[in-house]
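Peer 1: Got a structure for you, target_36.json, holding JSON, C-alpha atoms.
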```
[["chain", "number", "residue", "atom", "x", "y", "z"],
["W", 153, "MET", "CA", 0.00, 0.00, 0.00],
["W", 154, "GLU", "CA", 2.82, 2.34, 0.86],
["W", 155, "ASN", "CA", 4.42, 1.64, -2.54],
["W", 156, "LEU", "CA", 1.14, 2.38, -4.28],
["W", 157, "ILE", "CA", 0.89, 5.79, -2.57],
["W", 158, "LYS", "CA", 4.50, 6.57, -3.54],
["W", 159, "TYR", "CA", 3.76, 5.65, -7.17],
["W", 160, "LEU", "CA", 0.61, 7.76, -7.20],
["W", 161, "ILE", "CA", 2.43, 10.78, -5.75],
["W", 162, "LEU", "CA", 5.30, 10.32, -8.19],
["W", 163, "TRP", "CA", 2.84, 9.93, -11.09],
["W", 164, "MET", "CA", 1.02, 13.14, -10.09],
["W", 165, "LEU", "CA", 4.31, 15.04, -9.79],
["W", 166, "ILE", "CA", 5.25, 14.00, -13.31],
["W", 167, "ILE", "CA", 1.85, 14.44, -14.99],
["W", 168, "THR", "CA", 0.76, 17.75, -13.40],
["W", 169, "PRO", "CA", 3.51, 19.91, -14.94],
["W", 170, "LEU", "CA", 3.09, 18.25, -18.32],
["W", 171, "THR", "CA", -0.65, 18.77, -18.51],
["W", 172, "SER", "CA", -0.62, 22.34, -17.27],
["W", 173, "CYS", "CA", 2.14, 23.56, -19.58],
["W", 174, "GLU", "CA", 1.41, 25.61, -22.64],
["W", 175, "ARG", "CA", 3.61, 25.66, -25.68],
["W", 176, "LEU", "CA", 4.05, 27.91, -28.68],
["W", 177, "ILE", "CA", 3.13, 26.59, -32.08],
["W", 178, "HIS", "CA", 3.01, 28.11, -35.53],
["W", 179, "THR", "CA", -0.40, 28.79, -37.13],
["W", 180, "ARG", "CA", -1.03, 29.77, -40.72],
["W", 181, "ASP", "CA", -4.24, 30.84, -42.42],
["W", 182, "GLU", "CA", -4.08, 31.68, -46.12],
["W", 183, "LEU", "CA", -6.68, 33.14, -48.45],
["W", 184, "ILE", "CA", -5.91, 32.86, -52.17],
["W", 185, "ILE", "CA", -8.19, 34.83, -54.48],
["W", 186, "ASN", "CA", -8.13, 33.97, -58.19],
["W", 187, "ILE", "CA", -9.68, 36.59, -60.46],
["W", 188, "ASP", "CA", -10.69, 35.76, -64.02],
["W", 189, "ASN", "CA", -11.69, 38.80, -66.12],
["W", 190, "ARG", "CA", -13.50, 37.48, -69.20],
["W", 191, "LEU", "CA", -14.47, 40.93, -70.49],
["W", 192, "ASP", "CA", -12.80, 43.44, -72.79],
["W", 193, "LYS", "CA", -12.76, 45.91, -69.91],
["W", 194, "GLU", "CA", -10.21, 46.84, -67.28],
["W", 195, "PHE", "CA", -11.13, 46.43, -63.60],
["W", 196, "LEU", "CA", -9.53, 47.67, -60.41],
["W", 197, "VAL", "CA", -10.20, 44.94, -57.87],
["W", 198, "VAL", "CA", -9.90, 45.69, -54.15],
["W", 199, "PHE", "CA", -10.10, 43.13, -51.36],
["W", 200, "ASP", "CA", -10.13, 44.25, -47.73],
["W", 201, "THR", "CA", -9.40, 41.68, -45.01],
["W", 202, "ASN", "CA", -8.87, 41.87, -41.29],
["W", 203, "ILE", "CA", -5.08, 41.84, -41.86],
["W", 204, "GLU", "CA", -4.60, 44.07, -44.92],
["W", 205, "THR", "CA", -6.09, 45.58, -48.07],
["W", 206, "LYS", "CA", -4.80, 44.67, -51.51],
["W", 207, "GLN", "CA", -5.75, 45.92, -54.93],
["W", 208, "VAL", "CA", -4.83, 44.93, -58.45],
["W", 209, "ILE", "CA", -5.66, 46.04, -61.97],
["W", 210, "VAL", "CA", -7.05, 43.16, -64.02],
["W", 211, "LYS", "CA", -6.68, 43.93, -67.69],
["W", 212, "ASN", "CA", -8.86, 42.73, -70.56],
["W", 213, "LYS", "CA", -9.28, 38.96, -70.57],
["W", 214, "GLU", "CA", -6.60, 38.53, -67.91],
["W", 215, "LYS", "CA", -6.31, 36.29, -64.85],
["W", 216, "THR", "CA", -4.52, 37.22, -61.67],
["W", 217, "THR", "CA", -4.18, 36.09, -58.06],
["W", 218, "LEU", "CA", -4.04, 37.84, -54.71],
["W", 219, "ASP", "CA", -2.70, 36.07, -51.64],
["W", 220, "PHE", "CA", -3.37, 36.96, -47.99],
["W", 221, "VAL", "CA", -1.46, 35.13, -45.26],
["W", 222, "ASN", "CA", -1.80, 35.42, -41.49],
["W", 223, "GLU", "CA", 0.96, 33.56, -39.64],
["W", 224, "GLN", "CA", 1.35, 33.64, -35.87],
["W", 225, "MET", "CA", 2.90, 31.87, -32.96],
["W", 226, "VAL", "CA", 0.18, 30.99, -30.45],
["W", 227, "GLU", "CA", 0.10, 29.28, -27.08],
["W", 228, "VAL", "CA", -1.77, 25.99, -26.92],
["W", 229, "ASP", "CA", -2.27, 23.56, -24.09],
["W", 230, "PHE", "CA", -0.12, 20.47, -23.73],
["W", 231, "MET", "CA", -2.52, 18.31, -25.70],
["W", 232, "GLY", "CA", -2.53, 20.81, -28.57],
["W", 233, "LEU", "CA", -6.32, 20.85, -28.74],
["W", 234, "SER", "CA", -6.98, 24.26, -30.14],
["W", 235, "GLU", "CA", -8.60, 25.85, -33.19],
["W", 236, "LEU", "CA", -7.85, 29.03, -35.07],
["W", 237, "ASN", "CA", -9.70, 32.02, -33.65],
["W", 238, "ASP", "CA", -10.71, 35.19, -35.51],
["W", 239, "GLU", "CA", -7.39, 36.97, -34.89],
["W", 240, "GLN", "CA", -5.50, 34.08, -36.47],
["W", 241, "MET", "CA", -7.70, 33.79, -39.55],
["W", 242, "VAL", "CA", -7.91, 35.82, -42.75],
["W", 243, "ILE", "CA", -11.43, 37.20, -42.92],
["W", 244, "LEU", "CA", -12.62, 38.86, -46.11],
["W", 245, "LEU", "CA", -14.46, 42.04, -45.11],
["W", 246, "GLU", "CA", -15.05, 43.82, -48.43],
["W", 247, "THR", "CA", -14.89, 43.12, -52.13],
["W", 248, "GLY", "CA", -14.77, 46.08, -54.48],
["W", 249, "LEU", "CA", -14.77, 45.89, -58.28],
["W", 250, "TYR", "CA", -14.29, 49.11, -60.22],
["W", 251, "ASN", "CA", -14.91, 49.07, -63.95],
["W", 252, "ILE", "CA", -12.35, 51.61, -65.15],
["W", 253, "SER", "CA", -13.84, 51.58, -68.66],
["W", 254, "ASP", "CA", -17.23, 53.07, -67.77],
["W", 255, "THR", "CA", -17.04, 54.37, -64.15],
["W", 256, "THR", "CA", -19.25, 51.70, -62.62],
["W", 257, "TYR", "CA", -18.51, 49.77, -59.46],
["W", 258, "PHE", "CA", -19.66, 46.95, -57.21],
["W", 259, "LYS", "CA", -19.12, 46.65, -53.44],
["W", 260, "TRP", "CA", -20.13, 43.62, -51.40],
["W", 261, "THR", "CA", -21.20, 45.70, -48.38],
["W", 262, "GLU", "CA", -23.66, 47.63, -50.52],
["W", 263, "ILE", "CA", -25.48, 44.58, -51.94],
["W", 264, "ARG", "CA", -25.35, 41.98, -49.15],
["W", 265, "GLU", "CA", -28.92, 42.79, -48.06],
["W", 266, "ASN", "CA", -30.31, 42.57, -51.61],
["W", 267, "GLU", "CA", -31.08, 38.91, -52.32],
["W", 268, "TYR", "CA", -31.21, 39.31, -56.11],
["W", 269, "GLU", "CA", -27.85, 41.09, -56.35],
["W", 270, "LYS", "CA", -26.29, 38.78, -53.77],
["W", 271, "GLU", "CA", -27.37, 35.76, -55.82],
["W", 272, "ILE", "CA", -25.76, 37.21, -58.96],
["W", 273, "TYR", "CA", -22.51, 37.81, -57.03],
["W", 274, "TYR", "CA", -22.46, 34.29, -55.57],
["W", 275, "GLU", "CA", -22.93, 32.81, -59.05],
["W", 276, "HIS", "CA", -19.54, 34.34, -59.91],
["W", 277, "LEU", "CA", -17.75, 33.33, -56.71],
["W", 278, "SER", "CA", -16.71, 29.84, -55.73],
["W", 279, "THR", "CA", -15.02, 28.99, -52.45],
["W", 280, "THR", "CA", -13.06, 25.93, -51.41],
["W", 281, "HIS", "CA", -11.18, 25.19, -48.19],
["W", 282, "LYS", "CA", -8.23, 22.97, -47.49],
["W", 283, "GLU", "CA", -7.24, 22.05, -43.96],
["W", 284, "ASN", "CA", -3.61, 21.01, -43.62],
["W", 285, "SER", "CA", -3.99, 20.53, -39.88],
["W", 286, "HIS", "CA", -6.36, 21.92, -37.26],
["W", 287, "LEU", "CA", -4.20, 25.08, -37.08],
["W", 288, "ASN", "CA", -3.29, 25.52, -40.75],
["W", 289, "TYR", "CA", -5.94, 26.41, -43.34],
["W", 290, "THR", "CA", -5.94, 27.50, -46.95],
["W", 291, "SER", "CA", -9.06, 28.98, -48.55],
["W", 292, "TYR", "CA", -9.50, 29.58, -52.26],
["W", 293, "ARG", "CA", -11.95, 32.07, -53.73],
["W", 294, "ASN", "CA", -12.41, 32.15, -57.47],
["W", 295, "LEU", "CA", -14.07, 35.28, -58.84],
["W", 296, "THR", "CA", -15.22, 35.36, -62.46],
["W", 297, "ILE", "CA", -15.95, 38.73, -64.02],
["W", 298, "ASP", "CA", -18.22, 38.35, -67.04],
["W", 299, "SER", "CA", -21.17, 40.17, -68.59],
["W", 300, "THR", "CA", -23.71, 38.50, -66.28],
["W", 301, "LEU", "CA", -22.08, 40.20, -63.28],
["W", 302, "LEU", "CA", -22.44, 43.71, -64.72],
["W", 303, "PRO", "CA", -26.14, 44.24, -63.80],
["W", 304, "ILE", "CA", -25.22, 44.68, -60.12],
["W", 305, "PHE", "CA", -22.72, 47.47, -60.91],
["W", 306, "LYS", "CA", -23.69, 51.05, -60.12],
["W", 307, "LYS", "CA", -22.67, 54.25, -61.92],
["W", 308, "ASP", "CA", -20.26, 56.49, -59.99],
["W", 309, "TYR", "CA", -18.73, 59.56, -61.61],
["W", 310, "SER", "CA", -16.67, 60.22, -58.47],
["W", 311, "MET", "CA", -14.38, 57.45, -59.74],
["W", 312, "LEU", "CA", -12.98, 60.07, -62.14],
["W", 313, "GLU", "CA", -11.54, 61.88, -59.11],
["W", 314, "GLN", "CA", -10.92, 58.82, -56.95],
["W", 315, "PHE", "CA", -8.83, 57.05, -59.60],
["W", 316, "LYS", "CA", -7.32, 60.01, -61.47],
["W", 317, "GLU", "CA", -4.26, 58.02, -62.53],
["W", 318, "TYR", "CA", -6.40, 55.71, -64.67],
["W", 319, "TYR", "CA", -8.32, 58.46, -66.46],
["W", 320, "GLU", "CA", -5.45, 60.75, -67.45]]
```
Show how you would write the structure in this file as structure tokens.

Peer 2:
Amino acid sequence: MENLIKYLILWMLIITPLTSCERLIHTRDELIINIDNRLDKEFLVVFDTNIETKQVIVKNKEKTTLDFVNEQMVEVDFMGLSELNDEQMVILLETGLYNISDTTYFKWTEIRENEYEKEIYYEHLSTTHKENSHLNYTSYRNLTIDSTLLPIFKKDYSMLEQFKEYYE
């Protein structure tokens, strides 16, 4: 009995520090956006995420890619049972498409309440996710710009001032 108590105390002394320790591990969340412009028009495409904003000019019948990566070192418990939280993820907040050819634009935040326009947008956007591990994700968004997307664009002459470099 005395040996059993000694073993239990020894076991608790060994296990307690191991189970209460936290360790640092590397997390990585990546959002890759592929843009396919199938029109004979030039678009300025702007994506705003929780980590940064990126923009790119997509020329006539051109394809391009934007990549957003959020890498961090985070503390996890000894067992490593943890998931990415909002600060560790790449969250797409706004999509903006500006048709440089005719001063029309589209912004996600302006149409998200309109079911008809939202449906048109989602027909041009496909999303896939790949989980490398429970703390490493890659998301792909494929955006196709074609003539069936244009009905949700709105006229905006202020683009002439906002994007002077493209209209000179």

Peer 1: Return as lines of an AutoDock Vina configuration file the centre and edge lengths, in Å with one decimal, of the box along x, y and z that encloses every atom of stretch 263-282 of chain W in the file, padded by 5 Å per side.

Peer 2:
```
center_x = -19.7
center_y = 33.8
center_z = -53.7
size_x = 33.0
size_y = 31.6
size_z = 22.4
```

Peer 1: What's the separation between atom CA of W:Tyr250 and atom CA of W:Glu214, in Å to one decimal place?

Peer 2: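 If I compute the distance from atom CA of W:Tyr250 to atom CA of W:Glu214, I get 15.2 Å.
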
Peer 1: If I take atom CA of W:Arg175 and atom CA of W:Met225, how far is one from the other in Å, to one decimal?

Peer 2: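 Calculated distance between atom CA of W:Arg175 and atom CA of W:Met225 is 9.6 Å.
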
Peer 1: Quick one: of W:His276, W:Val242, W:Phe305, W:Val210, who's nearest to W:Glu262, counting only C-alpha atoms?

Peer 2: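 Looking only at the distances to W:Glu262, the closest residue turns out to be W:Phe305.
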
Peer 1: Can you work out which one of W:Trp260, W:Tyr318, W:Tyr289, W:Tyr309 has the shortest atom-to-atom distance to W:Leu245, counting only C-alpha atoms?

Peer 2: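 Closest candidate: W:Trp260.
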
Peer 1: For W:Ser291, work out the shell of residues within 6 Å, counting all atoms listed in the file and skipping chain neighbours fewer than 2 positions away, then give it as a list in words.

Peer 2: Leu183, Thr280 and His281 of chain W

Peer 1: Hey, which of W:Thr179, W:Ser253, W:Ser299, W:Ser310 ends up closest to W:Ile209? Count only C-alpha atoms.

Peer 2: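 Selected residue with least distance to W:Ile209: W:Ser253.
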
Peer 1: Find the residues near W:Asn189: any atom within 7 Å, counting only C-alpha atoms, skip ones fewer than 5 places away on the same chain, and give them as a PyMOL selection string.

Peer 2: chain W and resi 210+212-215+296-298

Peer 1: Find the distance between atom CA of W:Thr300 and atom CA of W:Glu204 and write it in Å to one decimal.

Peer 2: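 So the two atoms, atom CA of W:Thr300 and atom CA of W:Glu204, lie 29.2 Å apart.
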
Peer 1: As number ranges by chain, please: the residues near W:Lys259 (cut-off 7 Å, only C-alpha atoms, same-chain neighbours under 3 positions excluded).

Peer 2: W: 247-249, 262-263

Peer 1: When distances are computed from all atoms listed in the file, which of W:Asn251, W:Thr279, W:Phe220, W:Lys307 shows the smallest separation from W:Thr205?

Peer 2: W:Phe220
